[in-house]
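Peer 1: Mind looking over this structure? Questions follow.
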Amino acid sequence: MKKFTTVADIGNLGAALEEARIVKADRFAFSELGRNRTLLMIFFNSSLRTRLSTQKAAMNLGMNVIVLDVNQGAWKLETERGVIMDGDKAEHLLEAIPVMGSYCDIIGVRTFAGLHDKREDYEERVIEQFVKYSGRPVFSMEAATRHPLQSFADLITIEEFKPVERPKVVMTWAPHPRALPQAVPNSFAEWMNATDYDFVITHPEGYELDPAFTAGARIEFDQRKAFEGAHFIYAKNWSAYSDPNYGKVLSMDRDWMVDAEKMALTDNAYFMHCLPVRRNMIVSDDVIESDRSIVIPEAANREISAQVVLKRLLEGLEG
Ligand code: AN0
Ligand code: CP
């Protein structure tokens with residue numbers, strides 16, 4: 001594998017899941033693969049799970065790891081070409097990227113959507129520059145439009161817990177006080193559409209996602225109806241995608257929060273969320289604390305998805 005930014009990069013999902021099972025059964029079985037190889041993780045945004053699980057996965061593979069929080073200690077980076085750099089940004093991404101590439105074998109990048117300019121976000125300008133100019137295999141640790149390491153971990157988790165061969169998986173919008181990217185729901189939809197699960201998306205009108213990710217999924221505006229018979233409830237907030245409201249919070253309707261009364265409509269569904277989650281906005285305390293909540297094993301599987309991806313990127317290195 002040469003890069004990992006979308007579901008297409010992982011290829012056959014059955015094979016990827018089988019590899020995840022092998023890695024999980026013995027996560028130190030490939031500890032020679034990464035010997036004398038260096039992973040550089042670049043964070044433009046905060047993270048708890050991604051930084052810890054990816055570093056752990058790299059250590060399981062015997063890699064050395066360098067972490068750079070761009071906004072803490074590095075020079076402020078300009079990302080647009082043609083800008084007269086007379087402001088507060090001391091360095092351009094076009095120099096910084098190949099320099100970073102020269103110190104490592106593989107690069108992971110976290111760069112959230114700015115949520116101001118839809119075109120800029122959906123062209124994935126920042127991570128695509130890393131792909132183009134770093135000279136190294138690049139993987140997404142959540143970019144502007146996708147979070148594939150999360151979606152892969154979600155898929156592993158659903159496979160581990162599913163009570164029937166073809167479960168009903170419902171992704172529901174839920175309220176949040178701040179504008180969040182569409183990356184996690186886009187990506188989850190993209191991965192779920194690559195399976196043969198019964199996949200349903202429910203959200204208030206106005207929160208339609210980019211059909212490039214959701215095409216094939218059933219959209220249901222009545223959240224309670226969507227929950228009926230569900231085996232998994234995957235909650236997530238996102239800001240509006242459609243113009244003219246791109247990146248805006250349209251509603252904080254707490255009637256969309258996932259609570260015990262709504263979970264009772266499901267077929268004893270498991271509750272999932274990528275975390276971090278705001279309790280009693282997205283989900284009630286009792287639901288996230290219930291024995292049907294699998295948010296912790298879901299987060300733990302981030303180590304496994306990262307390890308499969310890093311293993312494949314290492315196997316794809318030349319020399
Ligand atoms: C981010 C998001 O919604 O994309 C990261 C999720 C993994 N969430 C927040 O910023 C709260
Ligand atoms: N789920 C996830 O990616 O969490 P972090 O933002 O903490 O990395």
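Labels for the structure tokens follow display order: chains A, B, ..., residues from 1 in each chain, ligands from 1.
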Report as a tab-separated table the residues of segment 41-148 of chain A within 9 Å of segment 298-308 of chain A, each with its shortest atom pair and distance in Å (one decimal), using only C-alpha atoms, ordered by chain and increasing residue number.
Peer 2:
```
residue	atom	partner	partner_atom	distance
A:Arg49	CA	A:Ala299	CA	7.0
A:Thr50	CA	A:Arg302	CA	7.4
A:Leu52	CA	A:Glu303	CA	8.2
A:Ser53	CA	A:Glu303	CA	4.5
A:Thr54	CA	A:Ala306	CA	5.5
A:Gln55	CA	A:Glu303	CA	8.5
A:Lys56	CA	A:Glu303	CA	6.6
A:Ala57	CA	A:Gln307	CA	4.7
A:Ala58	CA	A:Gln307	CA	6.6
A:Asn60	CA	A:Gln307	CA	7.7
A:Leu61	CA	A:Gln307	CA	7.5
```
Peer 1: Write the selection just made, keeping N, CA, C and O atoms, as a PDB file, in the first residue's frame?
Peer 2:
```
ATOM      1  N   ARG A  49      -7.058   9.796  21.092  1.00  0.00           N
ATOM      2  CA  ARG A  49      -7.011   8.422  20.589  1.00  0.00           C
ATOM      3  C   ARG A  49      -6.040   8.231  19.432  1.00  0.00           C
ATOM      4  O   ARG A  49      -5.265   7.277  19.410  1.00  0.00           O
ATOM      5  N   THR A  50      -6.114   9.134  18.458  1.00  0.00           N
ATOM      6  CA  THR A  50      -5.327   8.910  17.245  1.00  0.00           C
ATOM      7  C   THR A  50      -3.840   8.941  17.553  1.00  0.00           C
ATOM      8  O   THR A  50      -3.073   8.108  17.076  1.00  0.00           O
ATOM      9  N   LEU A  52      -2.320   8.350  20.459  1.00  0.00           N
ATOM     10  CA  LEU A  52      -1.885   7.224  21.297  1.00  0.00           C
ATOM     11  C   LEU A  52      -1.955   5.898  20.547  1.00  0.00           C
ATOM     12  O   LEU A  52      -1.020   5.100  20.574  1.00  0.00           O
ATOM     13  N   SER A  53      -3.078   5.649  19.863  1.00  0.00           N
ATOM     14  CA  SER A  53      -3.253   4.343  19.214  1.00  0.00           C
ATOM     15  C   SER A  53      -2.291   4.179  18.048  1.00  0.00           C
ATOM     16  O   SER A  53      -1.768   3.085  17.816  1.00  0.00           O
ATOM     17  N   THR A  54      -2.028   5.250  17.321  1.00  0.00           N
ATOM     18  CA  THR A  54      -1.148   5.132  16.157  1.00  0.00           C
ATOM     19  C   THR A  54       0.302   4.956  16.608  1.00  0.00           C
ATOM     20  O   THR A  54       1.051   4.166  16.037  1.00  0.00           O
ATOM     21  N   GLN A  55       0.681   5.678  17.654  1.00  0.00           N
ATOM     22  CA  GLN A  55       2.039   5.498  18.185  1.00  0.00           C
ATOM     23  C   GLN A  55       2.211   4.083  18.733  1.00  0.00           C
ATOM     24  O   GLN A  55       3.236   3.433  18.506  1.00  0.00           O
ATOM     25  N   LYS A  56       1.186   3.593  19.433  1.00  0.00           N
ATOM     26  CA  LYS A  56       1.250   2.227  19.975  1.00  0.00           C
ATOM     27  C   LYS A  56       1.365   1.210  18.844  1.00  0.00           C
ATOM     28  O   LYS A  56       2.184   0.280  18.905  1.00  0.00           O
ATOM     29  N   ALA A  57       0.560   1.398  17.811  1.00  0.00           N
ATOM     30  CA  ALA A  57       0.597   0.472  16.665  1.00  0.00           C
ATOM     31  C   ALA A  57       1.996   0.469  16.034  1.00  0.00           C
ATOM     32  O   ALA A  57       2.549  -0.587  15.718  1.00  0.00           O
ATOM     33  N   ALA A  58       2.572   1.649  15.894  1.00  0.00           N
ATOM     34  CA  ALA A  58       3.915   1.759  15.300  1.00  0.00           C
ATOM     35  C   ALA A  58       4.946   1.072  16.198  1.00  0.00           C
ATOM     36  O   ALA A  58       5.838   0.370  15.705  1.00  0.00           O
ATOM     37  N   ASN A  60       4.350  -1.427  18.222  1.00  0.00           N
ATOM     38  CA  ASN A  60       4.141  -2.871  18.081  1.00  0.00           C
ATOM     39  C   ASN A  60       4.897  -3.424  16.881  1.00  0.00           C
ATOM     40  O   ASN A  60       5.303  -4.584  16.873  1.00  0.00           O
ATOM     41  N   LEU A  61       5.035  -2.577  15.853  1.00  0.00           N
ATOM     42  CA  LEU A  61       5.712  -2.995  14.620  1.00  0.00           C
ATOM     43  C   LEU A  61       7.212  -2.717  14.667  1.00  0.00           C
ATOM     44  O   LEU A  61       7.915  -2.887  13.674  1.00  0.00           O
TER      45      LEU A  61
END
```
Peer 1: Run DSSP on the backbone of this structure and report the residues of segment 18-161 of chain A it assigns to helix (DSSP H, G or I), as a ChimeraX atom specification.
Peer 2: /A:18-25,49-60,93-101,118-122,125-133,148-161
Peer 1: Give me the residues near Asp154 of chain A as number ranges by chain, where near means some atom within 10 Å (using only C-alpha atoms) and where sequence neighbours in that chain fewer than 3 positions away do not count.
Peer 2: A: 148-151, 157-160, 188, 191-192, 234, 272-274, 295, 297-299, 301-302, 305
Peer 1: List the neighbours of segment 86-99 of chain A out to 10 Å using only C-alpha atoms; skip same-chain residues closer than 4 positions along the sequence, and give me the result as a PyMOL selection string.
Peer 2: chain A and resi 74-81+103-104+107+126+129-136
Peer 1: As an mmCIF file with all heavy atoms, in the first residue's frame, please: the residues near Leu68 of chain A (cut-off 7 Å, only C-alpha atoms, same-chain neighbours under 3 positions excluded).
Peer 2:
```cif
data_model
loop_
_atom_site.group_PDB
_atom_site.id
_atom_site.type_symbol
_atom_site.label_atom_id
_atom_site.label_comp_id
_atom_site.auth_asym_id
_atom_site.auth_seq_id
_atom_site.Cartn_x
_atom_site.Cartn_y
_atom_site.Cartn_z
ATOM 1 N N MET A 41 4.357 11.633 12.836
ATOM 2 C CA MET A 41 2.942 12.000 12.957
ATOM 3 C C MET A 41 2.840 13.513 13.081
ATOM 4 O O MET A 41 3.422 14.104 13.999
ATOM 5 C CB MET A 41 2.310 11.344 14.184
ATOM 6 C CG MET A 41 2.307 9.825 14.135
ATOM 7 S SD MET A 41 1.080 9.132 15.250
ATOM 8 C CE MET A 41 1.854 9.345 16.802
ATOM 9 N N ILE A 42 2.099 14.117 12.159
ATOM 10 C CA ILE A 42 1.946 15.575 12.127
ATOM 11 C C ILE A 42 0.519 15.924 12.546
ATOM 12 O O ILE A 42 -0.440 15.502 11.883
ATOM 13 C CB ILE A 42 2.139 16.130 10.695
ATOM 14 C CG1 ILE A 42 3.441 15.624 10.081
ATOM 15 C CG2 ILE A 42 2.041 17.654 10.674
ATOM 16 C CD1 ILE A 42 4.661 16.255 10.638
ATOM 17 N N PHE A 43 0.392 16.691 13.598
ATOM 18 C CA PHE A 43 -0.936 17.101 14.064
ATOM 19 C C PHE A 43 -1.136 18.600 13.871
ATOM 20 O O PHE A 43 -0.429 19.398 14.472
ATOM 21 C CB PHE A 43 -1.115 16.748 15.546
ATOM 22 C CG PHE A 43 -1.286 15.273 15.782
ATOM 23 C CD1 PHE A 43 -0.191 14.474 16.073
ATOM 24 C CD2 PHE A 43 -2.543 14.683 15.694
ATOM 25 C CE1 PHE A 43 -0.349 13.105 16.265
ATOM 26 C CE2 PHE A 43 -2.710 13.318 15.896
ATOM 27 C CZ PHE A 43 -1.605 12.531 16.179
#
```
Peer 1: Which residues come within 12 Å of Pro163 of chain A, counting only C-alpha atoms, excluding same-chain residues fewer than 4 positions away, as a list in words?
Peer 2: Thr157, Ile158, Glu159, Pro167, Lys168, Val169, Ala230, His231, Phe232, Asp267, Asn268, Ala269 and Tyr270 of chain A
Peer 1: Tell me, as a short mmCIF file (atom, residue, chain, number, x, y, z; two decimals) with N, CA and C atoms, in the first residue's frame, which residues lie within 12 Å of Asp286 of chain A, counting only C-alpha atoms; anything in the same chain fewer than 3 positions away does not count.
Peer 2:
```cif
data_model
loop_
_atom_site.label_atom_id
_atom_site.label_comp_id
_atom_site.auth_asym_id
_atom_site.auth_seq_id
_atom_site.Cartn_x
_atom_site.Cartn_y
_atom_site.Cartn_z
N VAL A 258 -29.27 10.86 21.81
CA VAL A 258 -29.55 9.43 21.97
C VAL A 258 -29.75 9.15 23.46
N ASP A 259 -30.97 8.69 23.80
CA ASP A 259 -31.28 8.39 25.20
C ASP A 259 -31.89 6.98 25.31
N ALA A 260 -32.17 6.58 26.52
CA ALA A 260 -32.64 5.20 26.77
C ALA A 260 -33.99 4.93 26.10
N GLU A 261 -34.83 5.95 26.08
CA GLU A 261 -36.15 5.77 25.46
C GLU A 261 -36.00 5.45 23.96
N MET A 263 -33.20 4.19 22.54
CA MET A 263 -32.49 2.90 22.40
C MET A 263 -33.48 1.74 22.57
N PHE A 271 -24.40 0.78 21.27
CA PHE A 271 -24.18 2.20 21.06
C PHE A 271 -22.71 2.43 20.70
N ARG A 279 -21.31 14.27 26.72
CA ARG A 279 -22.44 13.62 27.38
C ARG A 279 -23.60 14.59 27.56
N ASN A 280 -24.78 14.04 27.44
CA ASN A 280 -26.04 14.76 27.61
C ASN A 280 -26.24 15.88 26.59
N VAL A 283 -25.31 12.02 23.74
CA VAL A 283 -25.82 10.77 24.35
C VAL A 283 -25.98 10.98 25.84
N GLU A 289 -23.11 4.65 29.55
CA GLU A 289 -22.61 3.80 30.63
C GLU A 289 -23.24 2.41 30.62
N SER A 290 -24.20 2.17 29.72
CA SER A 290 -24.93 0.90 29.74
C SER A 290 -24.07 -0.24 29.21
N ASP A 291 -24.52 -1.46 29.44
CA ASP A 291 -23.73 -2.61 28.95
C ASP A 291 -23.86 -2.78 27.44
N ARG A 292 -24.67 -1.97 26.77
CA ARG A 292 -24.74 -2.00 25.30
C ARG A 292 -23.82 -0.96 24.66
N SER A 293 -23.16 -0.17 25.48
CA SER A 293 -22.23 0.83 24.94
C SER A 293 -20.90 0.16 24.65
#
```
Peer 1: Between atom CA of Ser239 of chain A and atom CA of Arg224 of chain A, what is the distance, to one decimal in Å?
Peer 2: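 Spanning atom CA of Ser239 of chain A to atom CA of Arg224 of chain A is a straight-line distance of 21.1 Å.
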Peer 1: State, in Å with one decimal place, the distance from atom CA of Glu315 of chain A to atom CA of Thr145 of chain A.
Peer 2: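 Taking atom CA of Glu315 of chain A as the start and atom CA of Thr145 of chain A as the end point, the length is 26.6 Å.
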Peer 1: Could I get the residue neighbourhood of ligand 1 at 8 Å, counting only C-alpha atoms and all ligand atoms, as a list in words?
Peer 2: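 Listing the residues within 8 Å of ligand 1 gives Ser46, Ser47, Phe112, Glu142, His147, Gln150, Leu180, Pro181, Gln182, Ala183, Val184, Lys236, Asn237, Trp238, Cys274, Leu275, Pro276 and Val277 of chain A.
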Peer 1: Go through A:Thr266, A:Asn193, A:Asn245, A:Asn71 one by one, measure the shortest atom-to-atom distance of each to Ala8 of chain A using only C-alpha atoms, and give the residue with the smallest value.
Peer 2: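 For Ala8 of chain A, the nearest of the candidates is A:Asn193.
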